[in-house]
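Source file: final_37.txt. Holds: compact mmCIF, N, CA and C atoms.
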```
# COMPACT_ATOMS: atom_id res chain seq x y z
N MET A 1425 -8.84 44.57 -11.92
CA MET A 1425 -8.98 44.40 -10.49
C MET A 1425 -8.29 43.09 -10.09
N THR A 1426 -7.52 43.14 -9.00
CA THR A 1426 -6.81 41.98 -8.50
C THR A 1426 -7.68 41.24 -7.50
N ARG A 1427 -7.78 39.95 -7.71
CA ARG A 1427 -8.58 39.11 -6.82
C ARG A 1427 -7.78 38.84 -5.54
N LYS A 1428 -8.43 38.99 -4.39
CA LYS A 1428 -7.78 38.67 -3.12
C LYS A 1428 -7.71 37.16 -2.98
N ARG A 1429 -6.53 36.65 -2.61
CA ARG A 1429 -6.35 35.21 -2.44
C ARG A 1429 -6.90 34.77 -1.10
N ASN A 1430 -7.59 33.66 -1.10
CA ASN A 1430 -8.00 33.09 0.18
C ASN A 1430 -7.06 31.95 0.53
N SER A 1431 -7.21 31.37 1.72
CA SER A 1431 -6.27 30.36 2.19
C SER A 1431 -6.25 29.12 1.30
N ASP A 1432 -7.37 28.79 0.64
CA ASP A 1432 -7.39 27.63 -0.24
C ASP A 1432 -6.46 27.80 -1.43
N ASP A 1433 -6.26 29.04 -1.86
CA ASP A 1433 -5.39 29.29 -3.01
C ASP A 1433 -3.93 29.03 -2.70
N LEU A 1434 -3.57 28.95 -1.44
CA LEU A 1434 -2.18 28.79 -1.06
C LEU A 1434 -1.70 27.35 -1.14
N TYR A 1435 -2.60 26.42 -1.23
CA TYR A 1435 -2.25 25.00 -1.24
C TYR A 1435 -2.85 24.33 -2.46
N PRO A 1436 -2.11 23.38 -3.06
CA PRO A 1436 -2.64 22.68 -4.24
C PRO A 1436 -3.78 21.74 -3.86
N LEU A 1437 -4.53 21.32 -4.84
CA LEU A 1437 -5.65 20.41 -4.57
C LEU A 1437 -5.19 19.10 -3.95
N ASN A 1438 -4.05 18.57 -4.38
CA ASN A 1438 -3.47 17.37 -3.78
C ASN A 1438 -2.13 17.75 -3.17
N MET A 1439 -2.07 17.68 -1.84
CA MET A 1439 -0.91 18.17 -1.11
C MET A 1439 0.03 17.05 -0.70
N TYR A 1440 1.29 17.42 -0.56
CA TYR A 1440 2.28 16.54 0.04
C TYR A 1440 2.16 16.63 1.56
N ARG A 1441 2.75 15.68 2.27
CA ARG A 1441 2.70 15.64 3.73
C ARG A 1441 3.17 16.97 4.34
N LYS A 1442 4.23 17.54 3.82
CA LYS A 1442 4.77 18.79 4.35
C LYS A 1442 3.73 19.92 4.26
N GLU A 1443 3.00 19.96 3.15
CA GLU A 1443 1.99 21.00 2.96
C GLU A 1443 0.81 20.82 3.92
N VAL A 1444 0.40 19.56 4.15
CA VAL A 1444 -0.70 19.32 5.08
C VAL A 1444 -0.29 19.73 6.49
N ALA A 1445 0.92 19.36 6.87
CA ALA A 1445 1.41 19.72 8.20
C ALA A 1445 1.40 21.23 8.37
N GLU A 1446 1.85 21.94 7.37
CA GLU A 1446 1.86 23.40 7.41
C GLU A 1446 0.43 23.94 7.51
N LEU A 1447 -0.47 23.38 6.73
CA LEU A 1447 -1.86 23.84 6.73
C LEU A 1447 -2.50 23.71 8.11
N ILE A 1448 -2.26 22.59 8.80
CA ILE A 1448 -2.90 22.40 10.10
C ILE A 1448 -2.03 22.89 11.26
N GLY A 1449 -0.83 23.37 10.95
CA GLY A 1449 -0.01 24.03 11.96
C GLY A 1449 0.79 23.11 12.86
N VAL A 1450 1.28 22.00 12.31
CA VAL A 1450 2.10 21.07 13.08
C VAL A 1450 3.36 20.74 12.29
N SER A 1451 4.31 20.07 12.95
CA SER A 1451 5.51 19.65 12.23
C SER A 1451 5.18 18.46 11.32
N GLU A 1452 6.00 18.28 10.32
CA GLU A 1452 5.80 17.15 9.41
C GLU A 1452 5.90 15.82 10.16
N ASN A 1453 6.85 15.70 11.09
CA ASN A 1453 6.99 14.46 11.86
C ASN A 1453 5.78 14.21 12.74
N TRP A 1454 5.24 15.26 13.38
CA TRP A 1454 4.06 15.10 14.22
C TRP A 1454 2.88 14.63 13.37
N PHE A 1455 2.73 15.24 12.20
CA PHE A 1455 1.65 14.83 11.30
C PHE A 1455 1.80 13.35 10.94
N LYS A 1456 3.00 12.96 10.55
CA LYS A 1456 3.25 11.57 10.14
C LYS A 1456 2.95 10.60 11.29
N ASP A 1457 3.38 10.95 12.49
CA ASP A 1457 3.22 10.05 13.64
C ASP A 1457 1.81 10.03 14.22
N ASN A 1458 1.06 11.12 14.08
CA ASN A 1458 -0.22 11.22 14.78
C ASN A 1458 -1.46 11.30 13.90
N VAL A 1459 -1.31 11.68 12.66
CA VAL A 1459 -2.49 11.91 11.82
C VAL A 1459 -2.51 11.03 10.58
N ALA A 1460 -1.41 10.96 9.87
CA ALA A 1460 -1.39 10.30 8.55
C ALA A 1460 -1.81 8.84 8.60
N SER A 1461 -1.61 8.19 9.72
CA SER A 1461 -1.94 6.76 9.81
C SER A 1461 -3.40 6.50 10.21
N ILE A 1462 -4.15 7.53 10.51
CA ILE A 1462 -5.57 7.36 10.86
C ILE A 1462 -6.34 6.95 9.60
N ALA A 1463 -7.03 5.84 9.67
CA ALA A 1463 -7.69 5.28 8.49
C ALA A 1463 -8.68 6.24 7.84
N SER A 1464 -9.35 7.05 8.63
CA SER A 1464 -10.36 7.94 8.07
C SER A 1464 -9.78 9.24 7.51
N PHE A 1465 -8.48 9.46 7.72
CA PHE A 1465 -7.88 10.69 7.19
C PHE A 1465 -7.79 10.59 5.67
N PRO A 1466 -8.27 11.62 4.95
CA PRO A 1466 -8.34 11.53 3.49
C PRO A 1466 -6.96 11.50 2.83
N LYS A 1467 -6.78 10.52 1.96
CA LYS A 1467 -5.56 10.43 1.17
C LYS A 1467 -5.86 9.78 -0.16
N VAL A 1468 -5.06 10.10 -1.12
CA VAL A 1468 -5.16 9.50 -2.45
C VAL A 1468 -3.75 9.08 -2.85
N TYR A 1469 -3.66 8.25 -3.85
CA TYR A 1469 -2.36 7.82 -4.35
C TYR A 1469 -2.18 8.32 -5.77
N VAL A 1470 -1.04 8.93 -5.98
CA VAL A 1470 -0.63 9.34 -7.32
C VAL A 1470 0.56 8.46 -7.63
N GLY A 1471 0.31 7.43 -8.41
CA GLY A 1471 1.32 6.38 -8.56
C GLY A 1471 1.43 5.69 -7.22
N SER A 1472 2.63 5.62 -6.69
CA SER A 1472 2.82 5.01 -5.37
C SER A 1472 2.95 6.04 -4.25
N GLU A 1473 2.81 7.32 -4.58
CA GLU A 1473 2.96 8.39 -3.59
C GLU A 1473 1.64 8.76 -2.95
N GLU A 1474 1.66 8.88 -1.62
CA GLU A 1474 0.49 9.37 -0.91
C GLU A 1474 0.38 10.88 -1.08
N ARG A 1475 -0.82 11.32 -1.38
CA ARG A 1475 -1.14 12.75 -1.42
C ARG A 1475 -2.41 12.94 -0.62
N TYR A 1476 -2.63 14.18 -0.23
CA TYR A 1476 -3.75 14.49 0.64
C TYR A 1476 -4.60 15.58 -0.02
N PRO A 1477 -5.86 15.25 -0.36
CA PRO A 1477 -6.72 16.22 -1.05
C PRO A 1477 -7.12 17.37 -0.11
N ARG A 1478 -6.79 18.58 -0.52
CA ARG A 1478 -6.94 19.78 0.32
C ARG A 1478 -8.31 19.93 0.95
N ASP A 1479 -9.36 19.97 0.17
CA ASP A 1479 -10.69 20.27 0.71
C ASP A 1479 -11.19 19.18 1.66
N PRO A 1480 -11.05 17.89 1.32
CA PRO A 1480 -11.44 16.86 2.29
C PRO A 1480 -10.59 16.90 3.57
N VAL A 1481 -9.31 17.27 3.46
CA VAL A 1481 -8.47 17.39 4.65
C VAL A 1481 -9.01 18.50 5.56
N ILE A 1482 -9.33 19.63 4.98
CA ILE A 1482 -9.87 20.75 5.77
C ILE A 1482 -11.18 20.34 6.44
N GLU A 1483 -12.04 19.66 5.71
CA GLU A 1483 -13.31 19.21 6.30
C GLU A 1483 -13.07 18.18 7.40
N TRP A 1484 -12.19 17.20 7.16
CA TRP A 1484 -11.89 16.19 8.16
C TRP A 1484 -11.35 16.84 9.43
N TRP A 1485 -10.41 17.76 9.26
CA TRP A 1485 -9.80 18.42 10.43
C TRP A 1485 -10.86 19.20 11.22
N SER A 1486 -11.78 19.86 10.53
CA SER A 1486 -12.80 20.65 11.23
C SER A 1486 -13.72 19.77 12.06
N HIS A 1487 -13.86 18.50 11.69
CA HIS A 1487 -14.73 17.58 12.44
C HIS A 1487 -13.96 16.73 13.45
N ASN A 1488 -12.64 16.66 13.34
CA ASN A 1488 -11.87 15.73 14.16
C ASN A 1488 -10.73 16.35 14.95
N TRP A 1489 -10.60 17.66 14.94
CA TRP A 1489 -9.49 18.30 15.64
C TRP A 1489 -9.44 17.93 17.11
N ASP A 1490 -10.59 17.66 17.71
CA ASP A 1490 -10.63 17.38 19.12
C ASP A 1490 -9.98 16.03 19.49
N LEU A 1491 -9.70 15.18 18.50
CA LEU A 1491 -8.98 13.95 18.77
C LEU A 1491 -7.59 14.23 19.33
N PHE A 1492 -7.09 15.44 19.08
CA PHE A 1492 -5.73 15.79 19.45
C PHE A 1492 -5.68 16.80 20.59
N SER A 1493 -6.82 17.06 21.19
CA SER A 1493 -6.89 18.01 22.29
C SER A 1493 -6.29 17.38 23.55
N LYS A 1494 -5.45 18.14 24.26
CA LYS A 1494 -4.84 17.64 25.49
C LYS A 1494 -5.88 17.43 26.58
N ASN A 1495 -6.99 18.15 26.50
CA ASN A 1495 -8.03 18.05 27.52
C ASN A 1495 -9.09 17.00 27.17
N ARG A 1496 -8.78 16.17 26.19
CA ARG A 1496 -9.71 15.13 25.74
C ARG A 1496 -10.01 14.15 26.88
N LYS A 1497 -11.25 13.76 27.00
CA LYS A 1497 -11.65 12.82 28.05
C LYS A 1497 -11.83 11.43 27.49
```
Can the structure in the file be given as structure tokens, please?
Amino acid sequence: MTRKRNSDDLYPLNMYRKEVAELIGVSENWFKDNVASIASFPKVYVGSEERYPRDPVIEWWSHNWDLFSKNRK
């Protein structure tokens, strides 16, 4: 029997910026300019490279997506 893949299977545990941008549905430049620099956004370092842990990113986005809403007050 073949196991059905869920969305978590499509992305590695530690993602590059391009993969995070794709996951949340924005361009890589928009992600870099608007999200990556937020201190609370989850990131880890592999050597000197920034990576973004998939599951904490998904959880962070589910709690903070409204920071980017155009109708924000």
Could you please determine the separation between atom C of Glu1443 (chain A) and CA of Ser1493 (chain A) in Å, to one decimal place?
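So the answer is 20.1 Å.
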Taking the chain letters and numbering used in this document, name the residues of chain A that DSSP puts in strand (DSSP E), as a VMD selection string.
chain A and resid 1438 to 1439 1468 to 1470 1473 to 1477
Calculated over all atoms listed in the file, which of the candidates A:Arg1478, A:His1487, A:Lys1494, A:Pro1466 has the smallest distance to Tyr1435 (chain A)?
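Of the candidates, the smallest distance to Tyr1435 (chain A) is held by A:Arg1478.
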If we draw a sphere of 6.5 Å around (-4.5, 20.9, 8.6), which residues have at least one atom in it when counting all atoms listed in the file? Please report them as JSON, numbers by chain.
{"A": [1444, 1445, 1446, 1447, 1448, 1449, 1481, 1482, 1485]}
Enumerate the residues of chain A with a DSSP assignment of helix (DSSP H, G or I), computed from the backbone, and present them as a ChimeraX atom specification.
/A:1431-1434,1441-1448,1452-1458,1478-1492
Output the selection as a CSV table (one decimal), in the frame of the given file - N, CA and C atoms for each residue.
```csv
chain,number,residue,atom,x,y,z
A,1431,SER,N,-7.2,31.4,1.7
A,1431,SER,CA,-6.3,30.4,2.2
A,1431,SER,C,-6.2,29.1,1.3
A,1432,ASP,N,-7.4,28.8,0.6
A,1432,ASP,CA,-7.4,27.6,-0.2
A,1432,ASP,C,-6.5,27.8,-1.4
A,1433,ASP,N,-6.3,29.0,-1.9
A,1433,ASP,CA,-5.4,29.3,-3.0
A,1433,ASP,C,-3.9,29.0,-2.7
A,1434,LEU,N,-3.6,29.0,-1.4
A,1434,LEU,CA,-2.2,28.8,-1.1
A,1434,LEU,C,-1.7,27.4,-1.1
A,1441,ARG,N,2.8,15.7,2.3
A,1441,ARG,CA,2.7,15.6,3.7
A,1441,ARG,C,3.2,17.0,4.3
A,1442,LYS,N,4.2,17.5,3.8
A,1442,LYS,CA,4.8,18.8,4.4
A,1442,LYS,C,3.7,19.9,4.3
A,1443,GLU,N,3.0,20.0,3.2
A,1443,GLU,CA,2.0,21.0,3.0
A,1443,GLU,C,0.8,20.8,3.9
A,1444,VAL,N,0.4,19.6,4.2
A,1444,VAL,CA,-0.7,19.3,5.1
A,1444,VAL,C,-0.3,19.7,6.5
A,1445,ALA,N,0.9,19.4,6.9
A,1445,ALA,CA,1.4,19.7,8.2
A,1445,ALA,C,1.4,21.2,8.4
A,1446,GLU,N,1.8,21.9,7.4
A,1446,GLU,CA,1.9,23.4,7.4
A,1446,GLU,C,0.4,23.9,7.5
A,1447,LEU,N,-0.5,23.4,6.7
A,1447,LEU,CA,-1.9,23.8,6.7
A,1447,LEU,C,-2.5,23.7,8.1
A,1448,ILE,N,-2.3,22.6,8.8
A,1448,ILE,CA,-2.9,22.4,10.1
A,1448,ILE,C,-2.0,22.9,11.3
A,1452,GLU,N,6.0,18.3,10.3
A,1452,GLU,CA,5.8,17.2,9.4
A,1452,GLU,C,5.9,15.8,10.2
A,1453,ASN,N,6.8,15.7,11.1
A,1453,ASN,CA,7.0,14.5,11.9
A,1453,ASN,C,5.8,14.2,12.7
A,1454,TRP,N,5.2,15.3,13.4
A,1454,TRP,CA,4.1,15.1,14.2
A,1454,TRP,C,2.9,14.6,13.4
A,1455,PHE,N,2.7,15.2,12.2
A,1455,PHE,CA,1.6,14.8,11.3
A,1455,PHE,C,1.8,13.4,10.9
A,1456,LYS,N,3.0,13.0,10.6
A,1456,LYS,CA,3.2,11.6,10.1
A,1456,LYS,C,3.0,10.6,11.3
A,1457,ASP,N,3.4,11.0,12.5
A,1457,ASP,CA,3.2,10.0,13.6
A,1457,ASP,C,1.8,10.0,14.2
A,1458,ASN,N,1.1,11.1,14.1
A,1458,ASN,CA,-0.2,11.2,14.8
A,1458,ASN,C,-1.5,11.3,13.9
A,1478,ARG,N,-6.8,18.6,-0.5
A,1478,ARG,CA,-6.9,19.8,0.3
A,1478,ARG,C,-8.3,19.9,1.0
A,1479,ASP,N,-9.4,20.0,0.2
A,1479,ASP,CA,-10.7,20.3,0.7
A,1479,ASP,C,-11.2,19.2,1.7
A,1480,PRO,N,-11.0,17.9,1.3
A,1480,PRO,CA,-11.4,16.9,2.3
A,1480,PRO,C,-10.6,16.9,3.6
A,1481,VAL,N,-9.3,17.3,3.5
A,1481,VAL,CA,-8.5,17.4,4.6
A,1481,VAL,C,-9.0,18.5,5.6
A,1482,ILE,N,-9.3,19.6,5.0
A,1482,ILE,CA,-9.9,20.8,5.8
A,1482,ILE,C,-11.2,20.3,6.4
A,1483,GLU,N,-12.0,19.7,5.7
A,1483,GLU,CA,-13.3,19.2,6.3
A,1483,GLU,C,-13.1,18.2,7.4
A,1484,TRP,N,-12.2,17.2,7.2
A,1484,TRP,CA,-11.9,16.2,8.2
A,1484,TRP,C,-11.4,16.8,9.4
A,1485,TRP,N,-10.4,17.8,9.3
A,1485,TRP,CA,-9.8,18.4,10.4
A,1485,TRP,C,-10.9,19.2,11.2
A,1486,SER,N,-11.8,19.9,10.5
A,1486,SER,CA,-12.8,20.6,11.2
A,1486,SER,C,-13.7,19.8,12.1
A,1487,HIS,N,-13.9,18.5,11.7
A,1487,HIS,CA,-14.7,17.6,12.4
A,1487,HIS,C,-14.0,16.7,13.4
A,1488,ASN,N,-12.6,16.7,13.3
A,1488,ASN,CA,-11.9,15.7,14.2
A,1488,ASN,C,-10.7,16.4,15.0
A,1489,TRP,N,-10.6,17.7,14.9
A,1489,TRP,CA,-9.5,18.3,15.6
A,1489,TRP,C,-9.4,17.9,17.1
A,1490,ASP,N,-10.6,17.7,17.7
A,1490,ASP,CA,-10.6,17.4,19.1
A,1490,ASP,C,-10.0,16.0,19.5
A,1491,LEU,N,-9.7,15.2,18.5
A,1491,LEU,CA,-9.0,14.0,18.8
A,1491,LEU,C,-7.6,14.2,19.3
A,1492,PHE,N,-7.1,15.4,19.1
A,1492,PHE,CA,-5.7,15.8,19.4
A,1492,PHE,C,-5.7,16.8,20.6
```
Of A:Val1470, A:Ser1461, A:Glu1452, A:Tyr1476, the one nearest to Pro1436 (chain A) when counting all atoms listed in the file is A:Tyr1476
What does the distance from atom C of Tyr1469 (chain A) to CA of Leu1437 (chain A) come to in Å, to one decimal?
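About the pair atom C of Tyr1469 (chain A) and CA of Leu1437 (chain A): they are 12.6 Å apart.
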Two-atom distance - atom C of Glu1473 (chain A), CA of Ser1486 (chain A) (Å)
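So the two atoms, atom C of Glu1473 (chain A) and CA of Ser1486 (chain A), lie 23.5 Å apart.
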